[in-house]
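With PDB, C-alpha atoms, pLDDT in the B column inside, this is structure_14.pdb:
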ATOM      1  CA  MET A  10     155.335 142.183 107.812  1.00 42.00           C
ATOM      2  CA  ALA A  11     157.590 139.421 109.170  1.00 43.00           C
ATOM      3  CA  ALA A  12     160.226 142.027 110.064  1.00 42.00           C
ATOM      4  CA  LEU A  13     157.596 144.090 111.862  1.00 40.00           C
ATOM      5  CA  LEU A  14     156.424 141.049 113.833  1.00 41.00           C
ATOM      6  CA  ALA A  15     159.995 140.103 114.634  1.00 42.00           C
ATOM      7  CA  ALA A  16     160.682 143.627 115.864  1.00 41.00           C
ATOM      8  CA  SER A  17     157.557 143.471 118.010  1.00 41.00           C
ATOM      9  CA  ALA A  18     158.582 140.205 119.683  1.00 41.00           C
ATOM     10  CA  ASN A  19     159.754 142.109 122.733  1.00 44.00           C
ATOM     11  CA  VAL A  20     156.643 144.278 122.861  1.00 42.00           C
ATOM     12  CA  CYS A  21     154.693 141.497 124.563  1.00 44.00           C
ATOM     13  CA  TRP A  22     157.142 141.283 127.440  1.00 46.00           C
ATOM     14  CA  SER A  23     156.926 145.008 128.175  1.00 50.00           C
ATOM     15  CA  GLN A  24     153.292 145.373 127.064  1.00 59.00           C
ATOM     16  CA  GLN A  25     150.758 146.289 129.689  1.00 86.00           C
ATOM     17  CA  LEU A  26     149.335 143.282 131.428  1.00 94.00           C
ATOM     18  CA  PRO A  27     145.581 142.703 131.309  1.00 95.00           C
ATOM     19  CA  ALA A  28     143.690 145.259 133.445  1.00 93.00           C
ATOM     20  CA  GLY A  29     143.719 144.370 137.135  1.00 95.00           C
ATOM     21  CA  TRP A  30     146.380 141.662 136.780  1.00 97.00           C
ATOM     22  CA  SER A  31     150.035 141.728 137.824  1.00 96.00           C
ATOM     23  CA  LYS A  32     152.984 139.405 138.146  1.00 96.00           C
ATOM     24  CA  PRO A  33     152.945 137.637 141.510  1.00 96.00           C
ATOM     25  CA  PRO A  34     155.240 139.173 144.133  1.00 94.00           C
ATOM     26  CA  ALA A  35     158.262 137.116 145.206  1.00 92.00           C
ATOM     27  CA  SER A  36     156.650 136.672 148.620  1.00 93.00           C
ATOM     28  CA  MET A  37     154.009 134.456 146.965  1.00 94.00           C
ATOM     29  CA  THR A  38     156.339 132.347 144.809  1.00 94.00           C
ATOM     30  CA  GLY A  39     158.920 130.790 147.117  1.00 94.00           C
ATOM     31  CA  GLN A  40     157.639 127.217 146.828  1.00 95.00           C
ATOM     32  CA  GLU A  41     160.354 124.566 146.562  1.00 94.00           C
ATOM     33  CA  PHE A  42     159.168 123.171 143.192  1.00 95.00           C
ATOM     34  CA  ARG A  43     159.690 126.601 141.569  1.00 96.00           C
ATOM     35  CA  GLN A  44     163.459 126.353 142.143  1.00 95.00           C
ATOM     36  CA  LYS A  45     163.658 123.719 139.358  1.00 95.00           C
ATOM     37  CA  ASP A  46     162.933 126.316 136.631  1.00 94.00           C
ATOM     38  CA  SER A  47     164.703 129.574 135.779  1.00 94.00           C
ATOM     39  CA  ASN A  48     161.272 131.236 135.331  1.00 95.00           C
ATOM     40  CA  HIS A  49     159.938 129.580 138.517  1.00 96.00           C
ATOM     41  CA  PHE A  50     157.162 127.988 136.400  1.00 97.00           C
ATOM     42  CA  LEU A  51     155.492 131.419 136.284  1.00 98.00           C
ATOM     43  CA  SER A  52     156.197 132.208 132.616  1.00 97.00           C
ATOM     44  CA  ALA A  53     157.046 130.366 129.424  1.00 97.00           C
ATOM     45  CA  LYS A  54     158.079 131.601 125.988  1.00 97.00           C
ATOM     46  CA  GLY A  55     157.438 129.849 122.691  1.00 97.00           C
ATOM     47  CA  ASP A  56     155.854 130.216 119.278  1.00 97.00           C
ATOM     48  CA  PHE A  57     152.413 129.073 120.387  1.00 97.00           C
ATOM     49  CA  ASN A  58     150.461 130.040 117.255  1.00 96.00           C
ATOM     50  CA  GLY A  59     153.064 129.033 114.646  1.00 94.00           C
ATOM     51  CA  ASP A  60     153.667 132.477 113.126  1.00 95.00           C
ATOM     52  CA  GLY A  61     157.433 132.403 113.719  1.00 95.00           C
ATOM     53  CA  VAL A  62     157.292 135.003 116.529  1.00 95.00           C
ATOM     54  CA  GLN A  63     157.849 134.313 120.229  1.00 96.00           C
ATOM     55  CA  ASP A  64     154.785 134.549 122.462  1.00 97.00           C
ATOM     56  CA  GLN A  65     154.579 134.371 126.257  1.00 97.00           C
ATOM     57  CA  ALA A  66     152.463 132.483 128.775  1.00 98.00           C
ATOM     58  CA  LEU A  67     152.131 133.927 132.286  1.00 98.00           C
ATOM     59  CA  LEU A  68     150.625 133.152 135.659  1.00 98.00           C
ATOM     60  CA  LEU A  69     149.264 136.444 136.986  1.00 98.00           C
ATOM     61  CA  VAL A  70     147.438 137.508 140.129  1.00 97.00           C
ATOM     62  CA  ASN A  71     144.601 139.893 140.789  1.00 97.00           C
ATOM     63  CA  GLN A  72     145.076 141.061 144.379  1.00 92.00           C
ATOM     64  CA  ARG A  73     141.710 142.845 144.464  1.00 95.00           C
ATOM     65  CA  THR A  74     139.673 139.730 143.575  1.00 96.00           C
ATOM     66  CA  HIS A  75     142.128 137.261 145.188  1.00 97.00           C
ATOM     67  CA  GLN A  76     142.464 135.284 141.957  1.00 97.00           C
ATOM     68  CA  MET A  77     145.251 133.677 139.962  1.00 98.00           C
ATOM     69  CA  GLY A  78     145.005 133.617 136.170  1.00 97.00           C
ATOM     70  CA  PHE A  79     146.752 131.722 133.383  1.00 98.00           C
ATOM     71  CA  PHE A  80     147.196 133.995 130.355  1.00 98.00           C
ATOM     72  CA  ILE A  81     148.915 133.755 126.980  1.00 97.00           C
ATOM     73  CA  CYS A  82     150.117 136.808 125.082  1.00 97.00           C
ATOM     74  CA  LEU A  83     150.197 136.104 121.354  1.00 96.00           C
ATOM     75  CA  THR A  84     152.561 138.717 119.961  1.00 94.00           C
ATOM     76  CA  THR A  85     151.064 141.003 117.308  1.00 91.00           C
ATOM     77  CA  ALA A  86     152.483 143.956 115.385  1.00 88.00           C
ATOM     78  CA  THR A  87     150.924 146.296 117.967  1.00 88.00           C
ATOM     79  CA  GLY A  88     151.451 144.347 121.202  1.00 89.00           C
ATOM     80  CA  CYS A  89     149.567 141.427 122.716  1.00 92.00           C
ATOM     81  CA  ASP A  90     146.479 139.477 121.828  1.00 94.00           C
ATOM     82  CA  TRP A  91     145.681 138.276 125.372  1.00 96.00           C
ATOM     83  CA  HIS A  92     144.024 134.908 125.949  1.00 97.00           C
ATOM     84  CA  ARG A  93     142.785 134.188 129.489  1.00 97.00           C
ATOM     85  CA  LEU A  94     142.721 130.408 129.800  1.00 97.00           C
ATOM     86  CA  GLU A  95     142.142 129.740 133.505  1.00 96.00           C
ATOM     87  CA  VAL A  96     141.095 131.695 136.583  1.00 97.00           C
ATOM     88  CA  MET A  97     141.030 130.261 140.106  1.00 97.00           C
ATOM     89  CA  GLU A  98     141.470 131.239 143.725  1.00 97.00           C
ATOM     90  CA  ILE A  99     144.826 132.885 144.408  1.00 96.00           C
ATOM     91  CA  ALA A 100     145.707 130.132 146.921  1.00 96.00           C
ATOM     92  CA  PHE A 101     146.292 127.782 143.954  1.00 96.00           C
ATOM     93  CA  LEU A 102     149.424 129.781 143.116  1.00 96.00           C
ATOM     94  CA  ASP A 103     151.124 127.706 145.844  1.00 96.00           C
ATOM     95  CA  VAL A 104     150.880 124.562 143.682  1.00 97.00           C
ATOM     96  CA  MET A 105     150.263 125.634 140.053  1.00 97.00           C
ATOM     97  CA  GLY A 106     152.842 126.246 137.352  1.00 97.00           C
ATOM     98  CA  ILE A 107     153.326 126.535 133.597  1.00 98.00           C
ATOM     99  CA  ALA A 108     156.023 125.264 131.247  1.00 96.00           C
ATOM    100  CA  ARG A 109     156.721 125.243 127.516  1.00 97.00           C
ATOM    101  CA  VAL A 110     155.977 122.021 125.649  1.00 94.00           C
ATOM    102  CA  LYS A 111     158.051 121.466 122.522  1.00 95.00           C
ATOM    103  CA  PRO A 112     156.459 120.147 119.322  1.00 92.00           C
ATOM    104  CA  GLY A 113     156.149 116.372 119.386  1.00 88.00           C
ATOM    105  CA  ALA A 114     153.953 113.442 120.382  1.00 86.00           C
ATOM    106  CA  TYR A 115     152.822 112.961 123.980  1.00 82.00           C
ATOM    107  CA  GLU A 116     150.660 110.374 125.681  1.00 82.00           C
ATOM    108  CA  THR A 117     147.487 111.848 127.173  1.00 83.00           C
ATOM    109  CA  ALA A 118     145.981 110.921 130.532  1.00 81.00           C
ATOM    110  CA  CYS A 119     143.423 108.609 128.923  1.00 81.00           C
ATOM    111  CA  GLY A 120     146.182 107.178 126.701  1.00 81.00           C
ATOM    112  CA  LYS A 121     148.072 106.316 129.890  1.00 81.00           C
ATOM    113  CA  GLY A 122     144.990 104.469 131.133  1.00 79.00           C
ATOM    114  CA  TYR A 123     143.847 106.891 133.844  1.00 78.00           C
ATOM    115  CA  TRP A 124     140.356 106.668 132.306  1.00 84.00           C
ATOM    116  CA  GLU A 125     138.748 105.540 129.074  1.00 87.00           C
ATOM    117  CA  CYS A 126     139.278 107.987 126.215  1.00 84.00           C
ATOM    118  CA  GLY A 127     136.144 109.874 125.234  1.00 84.00           C
ATOM    119  CA  LYS A 128     134.907 110.329 121.659  1.00 84.00           C
ATOM    120  CA  ASP A 129     136.969 113.499 121.076  1.00 80.00           C
ATOM    121  CA  GLU A 130     139.790 112.615 123.464  1.00 79.00           C
ATOM    122  CA  PRO A 131     143.024 111.419 121.807  1.00 79.00           C
ATOM    123  CA  GLU A 132     145.319 108.757 123.255  1.00 82.00           C
ATOM    124  CA  LYS A 133     148.269 110.780 121.946  1.00 82.00           C
ATOM    125  CA  LEU A 134     148.671 114.515 121.638  1.00 83.00           C
ATOM    126  CA  LYS A 135     150.641 115.510 118.539  1.00 86.00           C
ATOM    127  CA  THR A 136     151.779 119.120 118.445  1.00 87.00           C
ATOM    128  CA  LYS A 137     153.258 120.883 115.420  1.00 91.00           C
ATOM    129  CA  ARG A 138     154.140 124.027 117.373  1.00 94.00           C
ATOM    130  CA  ASP A 139     155.043 124.963 120.916  1.00 96.00           C
ATOM    131  CA  ALA A 140     152.303 124.533 123.531  1.00 95.00           C
ATOM    132  CA  VAL A 141     151.945 125.302 127.254  1.00 97.00           C
ATOM    133  CA  GLU A 142     151.581 122.844 130.094  1.00 95.00           C
ATOM    134  CA  PHE A 143     149.461 124.075 133.012  1.00 97.00           C
ATOM    135  CA  PHE A 144     150.118 121.825 135.970  1.00 95.00           C
ATOM    136  CA  LYS A 145     149.592 121.227 139.658  1.00 95.00           C
ATOM    137  CA  ASP A 146     152.895 120.265 141.285  1.00 94.00           C
ATOM    138  CA  GLU A 147     153.180 116.456 141.490  1.00 88.00           C
ATOM    139  CA  SER A 148     149.585 116.042 140.292  1.00 89.00           C
ATOM    140  CA  ALA A 149     147.357 116.813 137.304  1.00 86.00           C
ATOM    141  CA  SER A 150     148.403 118.652 134.164  1.00 90.00           C
ATOM    142  CA  SER A 151     146.917 119.782 130.880  1.00 92.00           C
ATOM    143  CA  VAL A 152     148.613 120.948 127.717  1.00 93.00           C
ATOM    144  CA  TYR A 153     147.109 123.971 125.981  1.00 95.00           C
ATOM    145  CA  VAL A 154     147.471 123.856 122.198  1.00 94.00           C
ATOM    146  CA  TYR A 155     146.548 126.688 119.842  1.00 95.00           C
ATOM    147  CA  ASN A 156     143.911 125.877 117.219  1.00 93.00           C
ATOM    148  CA  PRO A 157     144.518 128.087 114.136  1.00 91.00           C
ATOM    149  CA  VAL A 158     140.996 127.434 112.829  1.00 93.00           C
ATOM    150  CA  THR A 159     139.161 128.734 115.919  1.00 94.00           C
ATOM    151  CA  TYR A 160     141.955 131.090 117.081  1.00 93.00           C
ATOM    152  CA  LYS A 161     141.612 129.596 120.581  1.00 94.00           C
ATOM    153  CA  PHE A 162     143.610 127.357 122.877  1.00 95.00           C
ATOM    154  CA  VAL A 163     142.364 123.840 123.586  1.00 90.00           C
ATOM    155  CA  ALA A 164     143.288 121.914 126.761  1.00 89.00           C
ATOM    156  CA  VAL A 165     144.237 118.234 126.629  1.00 85.00           C
ATOM    157  CA  ALA A 166     144.684 116.341 129.918  1.00 78.00           C
ATOM    158  CA  THR A 167     148.124 114.741 129.986  1.00 80.00           C
ATOM    159  CA  SER A 168     148.285 113.347 133.520  1.00 74.00           C
ATOM    160  CA  ASP A 169     146.113 112.706 136.517  1.00 54.00           C
TER     161      ASP A 169
END
Take the structure from the file and write it as C-alpha cells.
Amino acid sequence: MAALLAASANVCWSQQLPAGWSKPPASMTGQEFRQKDSNHFLSAKGDFNGDGVQDQALLLVNQRTHQMGFFICLTTATGCDWHRLEVMEIAFLDVMGIARVKPGAYETACGKGYWECGKDEPEKLKTKRDAVEFFKDESASSVYVYNPVTYKFVAVATSD
C-alpha cells in the first residue's frame, strides 16, 4: 500500500482540480510579495496528514463566481481527497498567500498577547506534521493543521 501511495504522489499535481476552479492566471499574480517565493505563495507541498506521502495546498480561482479558494489535496491511491478551507472574493488574491509550515512549536496570536487566549485557544501551536499557513501579506495569518481524529483541518490564528 505504501508503494502505491508513493507512486500516486504525483497524481495530485496532475489530478483534476475541483469543479469550477482553476489556477490563477499570471495576470492576477504579479504582486511584489509573491516574488519572495518560488511558488509565488500560491501552492505549498508537504505531508499534511502524516501518512508519509506529499500533499498539496493551492490557492485557486473561480472566474464564474469571482471567488478565490484555499484548497488542500490530500493524496490518495486514486488521486485527491479535496478539502476546501476558505472561500472569499477574488479581489483578496491580491493580498493572500499560502506557505508550508514545518513541524515544530509556534507562538499563536493570543500567545503573543494580541488578545486573551480563549478556553480552547493555545498560547503555543505544536505541530507533529507539516501544516499550511494562510496569510494576508504583512497582516493576519492562520495555520491550518490536520486533525487525524476528525479528518479535518483546524485553523489556529498565529498573528494579527
Residue members of the PyMOL selection byres ((chain A and resi 78) around 12) in the file shown, as number ranges by chain: A: 26-27, 29-33, 51-52, 66-72, 74-77, 79-81, 91-102, 105-107, 143
Residues in the PyMOL selection byres ((chain A and resi 152) around 7), expressed as JSON, numbers by chain: {"A": [140, 141, 142, 143, 150, 151, 153, 154, 164, 165, 166, 167]}
Counting all atoms listed in the file, the option among A:Asp139, A:Asp60, A:Asp46, A:Asp146 closest to A:Lys111: A:Asp139
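Minimum atom-to-atom distance to A:Arg109, evaluated using only C-alpha atoms, belongs to A:Phe50 out of A:Tyr123, A:Phe42, A:Phe50, A:Tyr155.
The residue that comes closest to A:Cys89, out of A:Asn58, A:Val104, A:Lys128, A:Asp64 and on the basis of all atoms listed in the file, is A:Asp64.
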Specify the axis-aligned box that encloses all atoms of stretch 25-32 of chain A listed in the file after padding of 3 Å on each side, stating its centre and edge lengths in Å to one decimal as JSON.
{"center_x": 148.3, "center_y": 142.8, "center_z": 133.9, "size_x": 15.3, "size_y": 12.9, "size_z": 14.5}
Long-range neighbours of A:Tyr115 as a PyMOL selection string, 8 Å cut-off, all atoms listed in the file, 2 positions minimum in chain: chain A and resi 113+117+133-135+167
Among listed residues A:Gly59, A:Glu41, A:Ala53, A:Ser168, nearest A:Lys121 (using all atoms listed in the file): A:Ser168
Pick from A:Ala108, A:Ala86, A:Val158, A:Ala149, whichever lies nearest to A:Arg43 using all atoms listed in the file: A:Ala108
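Between atom CA of A:Asp56 and atom CA of A:Glu130 there is a distance of 24.2 Å.
The residue that comes closest to A:Phe57, out of A:Thr84, A:Glu116, A:Lys145, A:Glu132 and on the basis of only C-alpha atoms, is A:Thr84.
Reported to one decimal place, the separation of atom CA of A:Ser148 from atom CA of A:Ser36 is 23.3 Å.
In this structure, atom CA of A:Thr159 sits 23.2 Å away from atom CA of A:Cys126.
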